[in-house]
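Engineer: Please see the structure below; I have some questions.
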Amino acid sequence: MSSFGFIIEARSKSRRLPNKVLLKLDNDTVLSFLTKRLKLISKKYKAKIIVATTTEKEDLKIIKSLKGKKVFIYRGSNNNVLDRVIKAANKYKIDSIIRVTSDCPLIDTDLIKQSIQIFLNNKADIVTNAHVRSYPDGMDVEIIKLKALKKVFKLVKKDKEMLEHLSLGFKKYSRYFSIINLVAPSNMFFPEIGITLDEKEDYILIKKIVNFFEKRKKKFNCIDILNYLNKNKKILKINKKIKRTTYSV
């Protein structure tokens, strides 16, 4: 049986939107909002929620913001994300990482559960919906064997770009790994939609989504968000012009 743990990469530095994880969302921070969503399913898998931040002085703000939130903290390399995540998993004795990024605060917990079940039912090194873009950007989840991630680290350790992105090495060296790429069903197949937090316009859109559902005291998933956006097409124009990266981060 795998020992699962959520690992969220988070840091203050962001080229496009500095301190984005500390922006306010539903009377809390973006990062805390995300951890609250993950707590809805963490007990089911006995999975610790770990925020893997950096040793940079400015990231003390992230640690302070999580005080009393019942999450675990790991501080590691700023740019070597692979090393940071591997060491966080080692420290908290995790052999299977549920990887969610801090810029995906609206992540669908149902998608996470489905991904975990597929991972458990197959002998895969990684189950991911981020390598083949089909879900809206912002619904990225990856379940990764720590053993496989360590193998990736050895393969890419001299490649600076690869070290900065957790699962990019799986794509480059896919012949060495068992990879399951999840593709969205038709009702969630909207790769052109961005509900991830990269720019100020994304923040405005995400706040509108959260405010809509919180006013109705309703738990919401990816389909709920898409239905809301479909009925309010003008809102989608808020961040329509933003160019996204084309690789898994």
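Ligands are numbered from 1 in the order shown, residues from 1 within each chain, and chains are lettered A, B, ... in the order they appear in the structure tokens.
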Can you pull out every residue from region 31-240 of chain A that DSSP, working from the backbone, puts in strand (DSSP E or B), and format the result as a ChimeraX atom specification?

Structural biologist: /A:48-54,72-76,96-101,126-128,137,142-145,179-181,194

Engineer: Given the selection you just returned, output its residues as a file containing C-alpha atoms, formatted as an mmCIF file, in the first residue's frame.

Structural biologist:
```
data_model
loop_
_atom_site.group_PDB
_atom_site.id
_atom_site.type_symbol
_atom_site.label_atom_id
_atom_site.label_comp_id
_atom_site.auth_asym_id
_atom_site.auth_seq_id
_atom_site.Cartn_x
_atom_site.Cartn_y
_atom_site.Cartn_z
ATOM 1 C CA LYS A 48 -0.167 14.597 4.939
ATOM 2 C CA ILE A 49 -0.428 18.028 3.307
ATOM 3 C CA ILE A 50 3.057 19.421 2.834
ATOM 4 C CA VAL A 51 3.991 22.853 1.540
ATOM 5 C CA ALA A 52 7.442 22.686 -0.022
ATOM 6 C CA THR A 53 8.777 26.220 -0.026
ATOM 7 C CA THR A 54 12.293 27.632 -0.230
ATOM 8 C CA PHE A 72 3.546 20.403 7.231
ATOM 9 C CA ILE A 73 6.374 22.587 5.976
ATOM 10 C CA TYR A 74 9.570 21.786 4.131
ATOM 11 C CA ARG A 75 12.142 24.395 3.073
ATOM 12 C CA GLY A 76 14.583 23.616 0.297
ATOM 13 C CA SER A 96 3.814 8.333 -3.510
ATOM 14 C CA ILE A 97 3.449 12.060 -4.108
ATOM 15 C CA ILE A 98 0.131 13.719 -4.897
ATOM 16 C CA ARG A 99 1.470 16.747 -6.678
ATOM 17 C CA VAL A 100 -0.648 19.905 -6.799
ATOM 18 C CA THR A 101 0.775 23.329 -7.586
ATOM 19 C CA ILE A 126 3.233 8.616 -12.835
ATOM 20 C CA VAL A 127 -0.429 9.335 -13.475
ATOM 21 C CA THR A 128 -0.844 12.844 -14.883
ATOM 22 C CA ASP A 137 -5.466 24.830 -17.107
ATOM 23 C CA GLU A 142 -0.038 14.224 -10.800
ATOM 24 C CA ILE A 143 0.475 11.089 -8.724
ATOM 25 C CA ILE A 144 4.170 10.186 -8.755
ATOM 26 C CA LYS A 145 6.182 7.343 -7.271
ATOM 27 C CA ILE A 179 3.241 6.889 -17.707
ATOM 28 C CA ILE A 180 -0.533 7.150 -17.709
ATOM 29 C CA ASN A 181 -1.764 10.356 -19.348
ATOM 30 C CA GLY A 194 -7.370 29.027 -17.914
#
```

Engineer: Could you build a table of the residues in region 125-215 of chain A lying no more than 10 Å from region 22-32 of chain A, giving for each the nearest pair of atoms and their separation in Å rounded to one decimal place, using only C-alpha atoms, ordered by chain and ascending residue number, as a tab-separated table?

Structural biologist:
```
residue	atom	partner	partner_atom	distance
A:Leu197	CA	A:Val30	CA	9.3
A:Tyr203	CA	A:Leu23	CA	8.5
A:Ile206	CA	A:Leu25	CA	8.6
A:Lys207	CA	A:Leu25	CA	6.5
A:Lys208	CA	A:Leu25	CA	10.0
A:Val210	CA	A:Asp26	CA	7.1
A:Asn211	CA	A:Asp26	CA	7.2
A:Glu214	CA	A:Asp26	CA	7.8
```

Engineer: To one decimal place in Å, what is the distance between CA of Arg11 (chain A) and CA of Lys219 (chain A)?

Structural biologist: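 Computing it gives 27.3 Å between the two atoms.
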
Engineer: Would you return as a count of residues only the members of region 31-121 of chain A that DSSP assigns to alpha helix (DSSP H) on this structure's backbone?

Structural biologist: 42

Engineer: Here is a test: counting only C-alpha atoms, which residue of A:Leu155, A:Val132, A:Ala89, A:Met188 is nearest to Leu111 (chain A)?

Structural biologist: A:Met188

Engineer: So, with only C-alpha atoms as the atoms that count, which of A:Ser134, A:Thr109, A:Ser3, A:Asn78 lies closest to Tyr92 (chain A)?

Structural biologist: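 Of A:Ser134, A:Thr109, A:Ser3, A:Asn78, the one nearest Tyr92 (chain A), counting only C-alpha atoms, is A:Ser3.
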
Engineer: Kindly indicate which residue among A:Cys222, A:Ile116, A:Ala184, A:Met162 lies nearest to Lys44 (chain A), using only C-alpha atoms for the distances.

Structural biologist: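 Among the listed residues, the smallest separation from Lys44 (chain A) belongs to A:Ile116.
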
Engineer: Which polymer residues have any atom within 6 Å of an atom of Leu163 (chain A), counting only C-alpha atoms, with same-chain residues fewer than 4 positions away left out, as a PyMOL selection string?

Structural biologist: chain A and resi 80-82

Engineer: Grab the residues selected above and save them as a tab-separated table (two decimals), in the first residue's frame with C-alpha atoms.

Structural biologist:
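Once written, result_0.tsv looks like this:
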```
chain	number	residue	atom	x	y	z
A	80	ASN	CA	15.92	23.02	-7.93
A	81	VAL	CA	12.29	22.00	-7.51
A	82	LEU	CA	13.03	18.30	-8.04
```

Engineer: Just how far from CA of Tyr45 (chain A) is CA of Pro185 (chain A), in Å to one decimal?

Structural biologist: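 Computing the Euclidean distance for CA of Pro185 (chain A) and CA of Tyr45 (chain A) yields 24.8 Å.
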
Engineer: Do you know which residues are at most 8 Å from region 237-242 of chain A counting only C-alpha atoms, after dropping those on the same chain fewer than 5 positions away, and could you put them as a list in words?

Structural biologist: Ile193, Gly194, Glu199, Glu201, Asp202, Ile204 and Leu205 of chain A

Engineer: Show which residues sit within 12 Å of Val156 (chain A), as a list in words. Count only C-alpha atoms, and ignore same-chain residues fewer than 2 positions away.

Structural biologist: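 Once the adjacent positions are removed, what remains is Asn80, Val81, Leu82, Asp83, Leu149, Lys150, Lys151, Val152, Phe153, Lys154, Lys158, Asp159, Lys160, Glu161, Met162, Leu163, Glu164, His165, Leu166, Ser167, Leu168, Gly169, Phe170, Lys171, Lys172 and Tyr173 of chain A.
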
Engineer: Taking into account only C-alpha atoms, which residue in the set A:Leu38, A:Ile62, A:Cys104, A:Met139 is nearest to Asp198 (chain A)?

Structural biologist: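 With only C-alpha atoms as the atom set, the closest residue is A:Cys104.
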
Engineer: Of the candidates A:Ile86, A:Leu40, A:Leu34, A:Leu106, which shows the shortest atom-to-atom distance to Pro136 (chain A), using only C-alpha atoms?

Structural biologist: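 Counting only C-alpha atoms, the residue closest to Pro136 (chain A) is A:Leu106.
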
Engineer: Could you jot down the CA of Arg244 (chain A) to CA of Gln117 (chain A) separation for me, Å, one decimal place?

Structural biologist: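 Here the two named atoms are 29.0 Å from each other.
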
Engineer: Counting only C-alpha atoms, which of A:Leu60, A:Ile112, A:Val21, A:Ile223 gets nearest to Ile41 (chain A)?

Structural biologist: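 Result for the nearest residue to Ile41 (chain A): A:Ile112.
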